[in-house]
file input.txt (compact mmCIF, C-alpha atoms)
# COMPACT_ATOMS: atom_id res chain seq x y z
CA MET A 1 -0.41 7.47 -22.91
CA ALA A 2 0.42 9.93 -25.69
CA ILE A 3 1.03 13.64 -25.28
CA LYS A 4 0.46 16.47 -27.75
CA LYS A 5 2.28 19.69 -28.53
CA PHE A 6 0.78 22.78 -30.15
CA ARG A 7 1.75 25.18 -32.88
CA PRO A 8 2.79 28.51 -31.29
CA LEU A 9 -0.26 30.44 -32.47
CA THR A 10 -0.38 32.21 -29.08
CA PRO A 11 2.35 32.76 -26.46
CA SER A 12 0.68 30.30 -24.06
CA LEU A 13 0.63 27.51 -26.67
CA ARG A 14 4.33 27.83 -27.48
CA TYR A 15 5.51 25.61 -24.63
CA THR A 16 2.25 23.85 -23.72
CA VAL A 17 2.45 20.05 -23.57
CA ARG A 18 -0.82 18.30 -22.72
CA PRO A 19 -2.05 14.68 -22.57
CA LYS A 20 -4.28 13.33 -25.33
CA PHE A 21 -6.65 11.50 -22.96
CA GLU A 22 -6.84 8.59 -25.43
CA ASP A 23 -6.97 6.10 -22.57
CA ILE A 24 -10.06 7.69 -20.98
CA THR A 25 -13.18 5.63 -21.78
CA LYS A 26 -15.75 7.38 -19.58
CA SER A 27 -16.26 11.15 -19.26
CA LYS A 28 -18.35 11.38 -16.08
CA PRO A 29 -17.54 9.67 -12.74
CA GLU A 30 -19.66 7.10 -10.94
CA LYS A 31 -21.73 9.45 -8.78
CA SER A 32 -22.18 6.95 -5.93
CA LEU A 33 -18.37 6.82 -5.56
CA THR A 34 -17.87 10.59 -5.26
CA GLN A 35 -18.33 13.22 -2.58
CA PRO A 36 -18.07 17.05 -2.54
CA LYS A 37 -14.67 18.67 -2.18
CA LYS A 38 -14.64 21.70 0.09
CA LYS A 39 -12.43 24.63 -0.88
CA SER A 40 -10.63 26.09 2.14
CA GLY A 41 -8.76 28.93 0.46
CA GLY A 42 -5.81 27.99 2.66
CA ARG A 43 -7.67 28.92 5.86
CA ASN A 44 -8.15 26.86 9.00
CA ALA A 45 -11.23 26.42 11.21
CA TYR A 46 -10.68 29.91 12.70
CA GLY A 47 -10.61 31.55 9.27
CA ARG A 48 -6.91 32.35 9.53
CA LEU A 49 -4.62 31.96 6.54
CA THR A 50 -2.32 29.01 7.26
CA THR A 51 -1.30 27.98 3.71
CA ARG A 52 -0.52 30.69 1.19
CA HIS A 53 -1.14 30.74 -2.56
CA ILE A 54 -4.41 28.74 -2.46
CA GLY A 55 -7.74 30.00 -3.74
CA GLY A 56 -10.29 29.81 -6.55
CA GLY A 57 -10.05 26.98 -9.01
CA HIS A 58 -12.57 24.80 -10.76
CA LYS A 59 -15.18 22.92 -8.76
CA GLN A 60 -14.17 19.29 -8.14
CA ARG A 61 -15.54 16.14 -6.55
CA ILE A 62 -13.50 13.63 -4.56
CA ARG A 63 -13.38 10.10 -5.96
CA ILE A 64 -13.62 7.48 -3.20
CA ILE A 65 -10.81 5.03 -3.97
CA ASP A 66 -10.54 1.55 -2.51
CA PHE A 67 -6.93 1.60 -1.26
CA LYS A 68 -7.60 -1.39 1.03
CA ARG A 69 -9.06 -3.70 -1.68
CA VAL A 70 -11.55 -4.92 0.93
CA LYS A 71 -13.24 -7.52 -1.30
CA ARG A 72 -10.84 -10.44 -1.16
CA ASP A 73 -10.88 -13.44 -3.52
CA MET A 74 -13.77 -11.96 -5.52
CA PRO A 75 -13.01 -11.22 -9.21
CA ALA A 76 -13.93 -7.83 -10.65
CA VAL A 77 -14.16 -6.62 -14.25
CA VAL A 78 -12.69 -3.29 -15.35
CA GLU A 79 -15.64 -1.28 -16.67
CA ALA A 80 -13.89 2.00 -17.49
CA ILE A 81 -10.68 4.05 -17.23
CA GLU A 82 -11.45 7.52 -15.86
CA TYR A 83 -9.78 10.87 -15.24
CA ASP A 84 -9.35 12.09 -11.66
CA PRO A 85 -8.82 15.86 -11.18
CA ASN A 86 -7.40 15.31 -7.69
CA ARG A 87 -4.40 13.15 -8.64
CA THR A 88 -1.95 12.52 -11.47
CA ALA A 89 -2.88 8.86 -11.96
CA ARG A 90 -5.90 7.50 -13.84
CA LEU A 91 -8.64 5.49 -12.15
CA ALA A 92 -10.08 2.11 -13.09
CA LEU A 93 -13.76 1.49 -12.33
CA LEU A 94 -14.27 -2.09 -11.12
CA LYS A 95 -17.51 -4.07 -10.98
CA TYR A 96 -17.50 -7.11 -8.69
CA GLU A 97 -19.54 -10.26 -9.17
CA ASP A 98 -22.04 -9.14 -6.52
CA GLY A 99 -22.70 -5.90 -8.46
CA GLU A 100 -20.73 -3.55 -6.18
CA LYS A 101 -18.46 -0.98 -7.85
CA ALA A 102 -15.16 0.50 -6.68
CA TYR A 103 -12.30 2.68 -7.90
CA ILE A 104 -8.63 1.65 -7.93
CA LEU A 105 -5.56 3.32 -9.43
CA ALA A 106 -5.12 2.18 -13.03
CA PRO A 107 -1.69 0.58 -13.67
CA ILE A 108 0.00 0.41 -17.05
CA GLY A 109 -1.50 -2.40 -19.13
CA LEU A 110 -4.87 -2.56 -17.37
CA GLU A 111 -7.68 -2.11 -19.91
CA VAL A 112 -11.45 -2.32 -20.09
CA GLY A 113 -12.63 -5.93 -19.87
CA HIS A 114 -9.69 -7.23 -17.86
CA LYS A 115 -10.35 -9.14 -14.65
CA VAL A 116 -8.58 -8.36 -11.38
CA VAL A 117 -8.73 -9.90 -7.92
CA ALA A 118 -7.26 -9.23 -4.48
CA GLY A 119 -6.20 -11.87 -1.98
CA GLU A 120 -3.49 -14.35 -1.03
CA LYS A 121 -4.54 -16.78 -3.77
CA ALA A 122 -4.49 -14.18 -6.58
CA GLU A 123 -2.14 -14.58 -9.53
CA PRO A 124 0.80 -12.13 -9.63
CA LYS A 125 -0.40 -10.23 -12.71
CA VAL A 126 -1.05 -6.54 -13.40
CA GLY A 127 -3.86 -5.08 -11.31
CA ASN A 128 -4.04 -7.93 -8.81
CA CYS A 129 -3.42 -7.18 -5.12
CA LEU A 130 -1.38 -9.63 -3.01
CA PRO A 131 0.61 -9.75 0.24
CA LEU A 132 4.31 -9.02 -0.28
CA ASN A 133 5.26 -12.58 0.68
CA LYS A 134 3.18 -13.93 -2.24
CA ILE A 135 4.74 -11.65 -4.88
CA PRO A 136 7.72 -12.90 -6.96
CA LEU A 137 11.02 -11.14 -6.26
CA SER A 138 12.10 -8.34 -8.63
CA SER A 139 8.45 -7.60 -9.47
CA THR A 140 7.29 -4.01 -10.03
CA ILE A 141 4.62 -3.02 -7.51
CA HIS A 142 2.67 0.05 -6.42
CA ASN A 143 -0.08 1.00 -3.94
CA ILE A 144 1.92 -0.40 -1.01
CA GLU A 145 0.69 -0.62 2.57
CA LEU A 146 2.96 0.54 5.41
CA MET A 147 1.02 -1.33 8.10
CA PRO A 148 -1.15 -4.43 7.54
CA GLY A 149 -4.79 -3.47 7.01
CA ARG A 150 -4.21 0.30 6.94
CA GLY A 151 -4.53 0.63 3.17
CA ALA A 152 -2.05 1.69 0.50
CA GLN A 153 0.03 4.76 1.33
CA MET A 154 3.13 4.59 -0.89
CA VAL A 155 3.82 4.68 -4.65
CA ARG A 156 0.49 6.11 -5.81
CA SER A 157 1.45 8.92 -8.23
CA ALA A 158 1.59 8.70 -12.03
CA GLY A 159 4.38 6.51 -13.37
CA GLY A 160 5.39 5.31 -9.91
CA GLY A 161 6.76 1.83 -9.42
CA ALA A 162 8.69 0.11 -6.62
CA THR A 163 10.75 -3.09 -6.80
CA LEU A 164 10.46 -6.00 -4.39
CA MET A 165 14.07 -6.96 -3.63
CA SER A 166 14.01 -9.62 -0.92
CA ILE A 167 12.03 -11.15 1.96
CA ASP A 168 13.69 -12.15 5.21
CA SER A 169 12.69 -12.53 8.89
CA GLY A 170 9.11 -11.45 8.28
CA TYR A 171 10.01 -8.25 6.41
CA ALA A 172 10.28 -7.45 2.72
CA GLN A 173 12.87 -5.03 1.38
CA VAL A 174 11.37 -2.70 -1.23
CA ARG A 175 13.23 -0.19 -3.39
CA LEU A 176 10.98 2.88 -3.68
CA PRO A 177 10.91 5.31 -6.64
CA SER A 178 13.11 7.70 -4.64
CA SER A 179 15.77 4.90 -4.58
CA GLU A 180 15.25 4.50 -0.82
CA ILE A 181 15.29 0.86 0.34
CA ARG A 182 12.80 0.23 3.12
CA LYS A 183 11.62 -2.74 5.19
CA ILE A 184 7.87 -3.44 5.09
CA HIS A 185 6.05 -6.26 6.88
CA GLU A 186 5.55 -9.24 4.58
CA THR A 187 1.77 -9.37 5.22
CA CYS A 188 1.25 -5.85 3.85
CA TYR A 189 -0.60 -5.80 0.52
CA ALA A 190 0.65 -4.27 -2.71
CA THR A 191 -0.68 -4.12 -6.26
CA MET A 192 1.20 -5.59 -9.22
CA GLY A 193 2.43 -3.29 -11.97
CA GLN A 194 3.40 0.35 -12.43
CA VAL A 195 1.00 3.26 -11.97
CA GLY A 196 -0.38 4.49 -15.31
CA ASN A 197 -0.25 7.91 -17.00
CA LYS A 198 3.54 7.69 -17.13
CA SER A 199 3.81 10.63 -19.54
CA HIS A 200 2.52 13.02 -16.86
CA GLU A 201 6.13 14.08 -16.18
CA TYR A 202 6.31 15.61 -19.68
CA GLU A 203 3.27 17.87 -19.23
CA THR A 204 3.84 21.63 -19.24
CA VAL A 205 1.22 24.02 -17.89
CA GLY A 206 1.93 26.62 -20.59
CA LYS A 207 0.18 29.60 -19.00
CA ALA A 208 -0.62 31.09 -15.61
CA GLY A 209 -4.37 30.68 -16.14
CA ARG A 210 -4.16 26.90 -16.05
CA SER A 211 -2.60 27.09 -12.58
CA ARG A 212 -5.50 29.30 -11.48
CA TRP A 213 -7.95 26.64 -12.71
CA LYS A 214 -6.19 24.24 -10.34
CA GLY A 215 -6.64 26.63 -7.41
CA ILE A 216 -3.00 27.79 -7.32
CA ARG A 217 -2.56 31.52 -6.79
CA PRO A 218 0.59 33.53 -7.68
CA THR A 219 3.64 33.34 -5.42
CA VAL A 220 5.47 36.55 -4.50
CA ARG A 221 9.13 36.48 -3.44
CA GLY A 222 9.77 37.51 0.14
CA MET A 223 12.70 39.70 -0.89
CA VAL A 224 10.43 42.13 -2.73
CA MET A 225 8.04 42.53 0.22
CA ASN A 226 8.18 45.08 3.02
CA PRO A 227 9.92 44.15 6.29
CA ILE A 228 6.56 43.88 8.08
CA ASP A 229 5.39 41.22 5.61
CA HIS A 230 8.47 38.99 5.40
CA PRO A 231 11.83 38.57 7.20
CA ASN A 232 13.69 38.91 3.89
CA GLY A 233 11.86 42.10 2.89
CA GLY A 234 13.01 45.71 2.89
CA GLY A 235 16.38 47.29 2.11
CA GLN A 236 17.55 49.74 -0.51
CA GLY A 237 17.63 48.03 -3.87
CA LYS A 238 18.18 44.31 -4.20
CA SER A 239 19.47 43.18 -0.82
CA LYS A 240 19.21 40.41 1.77
CA GLY A 241 19.66 37.74 -0.86
CA GLY A 242 20.81 35.13 1.62
CA GLY A 243 24.25 33.78 2.43
CA GLY A 244 25.57 37.24 3.29
CA ARG A 245 23.96 39.36 5.97
CA GLN A 246 20.92 37.14 6.31
CA HIS A 247 19.91 33.57 5.60
CA LEU A 248 16.78 32.91 3.56
CA VAL A 249 13.84 32.01 5.77
CA SER A 250 10.10 31.44 5.51
CA PRO A 251 7.61 34.13 6.64
CA TRP A 252 7.64 32.39 10.05
CA GLY A 253 11.42 32.36 10.42
CA GLN A 254 12.22 28.75 9.46
CA LEU A 255 15.38 28.31 7.41
CA ALA A 256 14.56 27.75 3.74
CA ARG A 257 17.77 25.96 2.79
CA GLY A 258 19.66 23.13 4.44
CA LEU A 259 17.41 22.66 7.47
CA LYS A 260 16.60 19.00 8.15
CA THR A 261 12.95 18.74 9.14
CA ARG A 262 12.79 14.99 9.78
CA GLN A 263 12.74 13.98 13.47
CA LYS A 264 16.05 12.41 14.55
CA SER A 265 14.36 9.83 16.75
CA LYS A 266 11.59 8.80 14.38
CA PRO A 267 10.51 5.17 15.05
CA SER A 268 10.57 4.26 11.35
CA ASN A 269 14.30 5.03 11.07
CA LYS A 270 15.10 1.40 11.92
CA LEU A 271 13.07 0.24 8.89
CA ILE A 272 15.06 2.32 6.38
CA VAL A 273 17.89 0.17 5.02
CA GLU A 274 19.30 2.76 2.59
CA ARG A 275 18.45 6.45 2.30
CA ARG A 276 17.36 8.00 -0.97
CA LYS A 277 20.12 9.29 -3.22
CA LYS A 278 20.32 13.10 -3.25

call {"tool": "encode", "arguments": {"input": "input.txt", "output": "C-alpha cells"}}
result
Amino acid sequence: MAIKKFRPLTPSLRYTVRPKFEDITKSKPEKSLTQPKKKSGGRNAYGRLTTRHIGGGHKQRIRIIDFKRVKRDMPAVVEAIEYDPNRTARLALLKYEDGEKAYILAPIGLEVGHKVVAGEKAEPKVGNCLPLNKIPLSSTIHNIELMPGRGAQMVRSAGGGATLMSIDSGYAQVRLPSSEIRKIHETCYATMGQVGNKSHEYETVGKAGRSRWKGIRPTVRGMVMNPIDHPNGGGQGKSKGGGGRQHLVSPWGQLARGLKTRQKSKPSNKLIVERRKK
C-alpha cells in the first residue's frame, strides 16, 4: 500500500505521512458484522480513573472478526477490502457459498475476487487457513492460535509475519516477528501469508489533533507535577530526574525502568525456545 507526503503549507503538514487508502474497495462496513464500541474514558465499573490519557475521540464501531475460521472446507469469495479504525491491519469481507459473510484480516496479495478456504485439506496459499502440521516449512504465516480451537491470538498487526521453522514431537517451532522462537501445538491453525498494510510503520501523525481523534489525551511528565500528584514531583527547579536521589517510578510506585514484569514461574516458559533479541 502506498503512502503520501504533503507540502509544508501548515506546520502540521510538514511531517505528516498518511496512507493513500488505494487498497480500500468499500467505504462502509457490513452492518450485521459490527457492534457498538463503548467509550470508558479510562474509568472502571466504579467510575474511578484506572488508565490515564484516555478520553474523547471519534465514534467507532467494533468489527466482528472470525479469528477461528469456523467454516471449514467451505470456499469463500473476497467481496471487499475494508478499513478498520480499531486496528492497523485491513479487513477482507468474505462471502461463503451458503451466503454467510465474515471478516478476516487481509494479508498481502489477497484481492477482491480471490477464493479462500479453511481446513486440513486447503492448499497452502495466501489467505487459506491450515493446521501447522499441514503448512510447508519456511512458510510465512500470521493469525496463529496458541491453543487448538481458541482462535488466532498472535501476529495480527499490520505487516506482521511469522516463519514456520520445524515440526517435531507434536509441536511446531515458529519464529515470531519479535525474533522469539516458540513451540506451538501442531494442530493449531494459522493463516498463510503476511498481514497487509505493511507501510503502516511509515505513518506519522503530524499533529496533536489527530491523536485526540483517536481518543488519546495529552501526557504530562511526572517530574513537573506536585508531590501529591506523582512520586517524582516537587523540588526546586529541575530535580528528581532518576538515577540520583530517586529512581523513576509510575504514579503508583512501580519502577519505570529495568523492572521485569513477567512472572518467573509462568507455565508457558517451557514453550519458549529462544527469547526475543533486545

call {"tool": "atom_distance", "arguments": {"input": "input.txt", "atom1": "CA of His247 (chain A)", "atom2": "CA of Arg262 (chain A)"}}
result
20.3 Å

call {"tool": "closest_residue", "arguments": {"input": "input.txt", "among": "A:Gly209, A:Gly235, A:Pro8, A:Gly151", "to": "Ile104 (chain A)", "atoms": "only C-alpha atoms"}}
result
A:Gly151

call {"tool": "residues_around", "arguments": {"input": "input.txt", "residues": "Val117 (chain A)", "least_positions_apart": "4", "cutoff": "6 Å", "atoms": "all atoms listed in the file", "output": "PDB file with C-alpha atoms, keeping the file's coordinate frame"}}
result
ATOM      1  CA  MET A  74     -13.770 -11.960  -5.520  1.00  0.00           C
ATOM      2  CA  PRO A  75     -13.010 -11.220  -9.210  1.00  0.00           C
ATOM      3  CA  ASN A 128      -4.040  -7.930  -8.810  1.00  0.00           C
TER       4      ASN A 128
END

call {"tool": "residues_around", "arguments": {"input": "input.txt", "residues": "Leu110 (chain A)", "least_positions_apart": "2", "cutoff": "12 Å", "atoms": "only C-alpha atoms", "output": "ChimeraX atom specification"}}
result
/A:23,77-81,90-94,104-108,112-116,125-128,191-197

call {"tool": "residues_around", "arguments": {"input": "input.txt", "residues": "Thr10 (chain A)", "least_positions_apart": "6", "cutoff": "12 Å", "atoms": "all atoms listed in the file", "output": "CSV table (one decimal) with C-alpha atoms, in the coordinates of the input"}}
result
chain,number,residue,atom,x,y,z
A,16,THR,CA,2.2,23.8,-23.7
A,206,GLY,CA,1.9,26.6,-20.6
A,207,LYS,CA,0.2,29.6,-19.0

call {"tool": "atom_distance", "arguments": {"input": "input.txt", "atom1": "CA of Gln153 (chain A)", "atom2": "CA of Phe67 (chain A)"}}
result
8.1 Å

call {"tool": "residues_around", "arguments": {"input": "input.txt", "residues": "Arg217 (chain A)", "least_positions_apart": "4", "cutoff": "6 Å", "atoms": "only C-alpha atoms", "output": "ChimeraX atom specification"}}
result
/A:53-54,212

call {"tool": "atom_distance", "arguments": {"input": "input.txt", "atom1": "CA of Tyr83 (chain A)", "atom2": "CA of Arg175 (chain A)"}}
result
28.1 Å

call {"tool": "closest_residue", "arguments": {"input": "input.txt", "among": "A:Gln246, A:Ser40, A:Ser12, A:Thr34", "to": "Thr204 (chain A)", "atoms": "only C-alpha atoms"}}
result
A:Ser12

call {"tool": "closest_residue", "arguments": {"input": "input.txt", "among": "A:Ser139, A:Thr50, A:Ala76, A:Val224", "to": "Asp98 (chain A)", "atoms": "only C-alpha atoms"}}
result
A:Ala76

call {"tool": "residues_around", "arguments": {"input": "input.txt", "residues": "Thr163 (chain A)", "least_positions_apart": "5", "cutoff": "9 Å", "atoms": "all atoms listed in the file", "output": "VMD selection string"}}
result
chain A and resid 137 to 142 173 to 177

call {"tool": "closest_residue", "arguments": {"input": "input.txt", "among": "A:Arg221, A:Lys59, A:Lys238, A:Lys121", "to": "Lys37 (chain A)", "atoms": "all atoms listed in the file"}}
result
A:Lys59

call {"tool": "closest_residue", "arguments": {"input": "input.txt", "among": "A:Leu13, A:Ala208, A:Ile181, A:Leu255", "to": "Glu274 (chain A)", "atoms": "all atoms listed in the file"}}
result
A:Ile181

call {"tool": "closest_residue", "arguments": {"input": "input.txt", "among": "A:Asn44, A:Thr219, A:Ser179, A:Thr51", "to": "Trp252 (chain A)", "atoms": "all atoms listed in the file"}}
result
A:Thr51
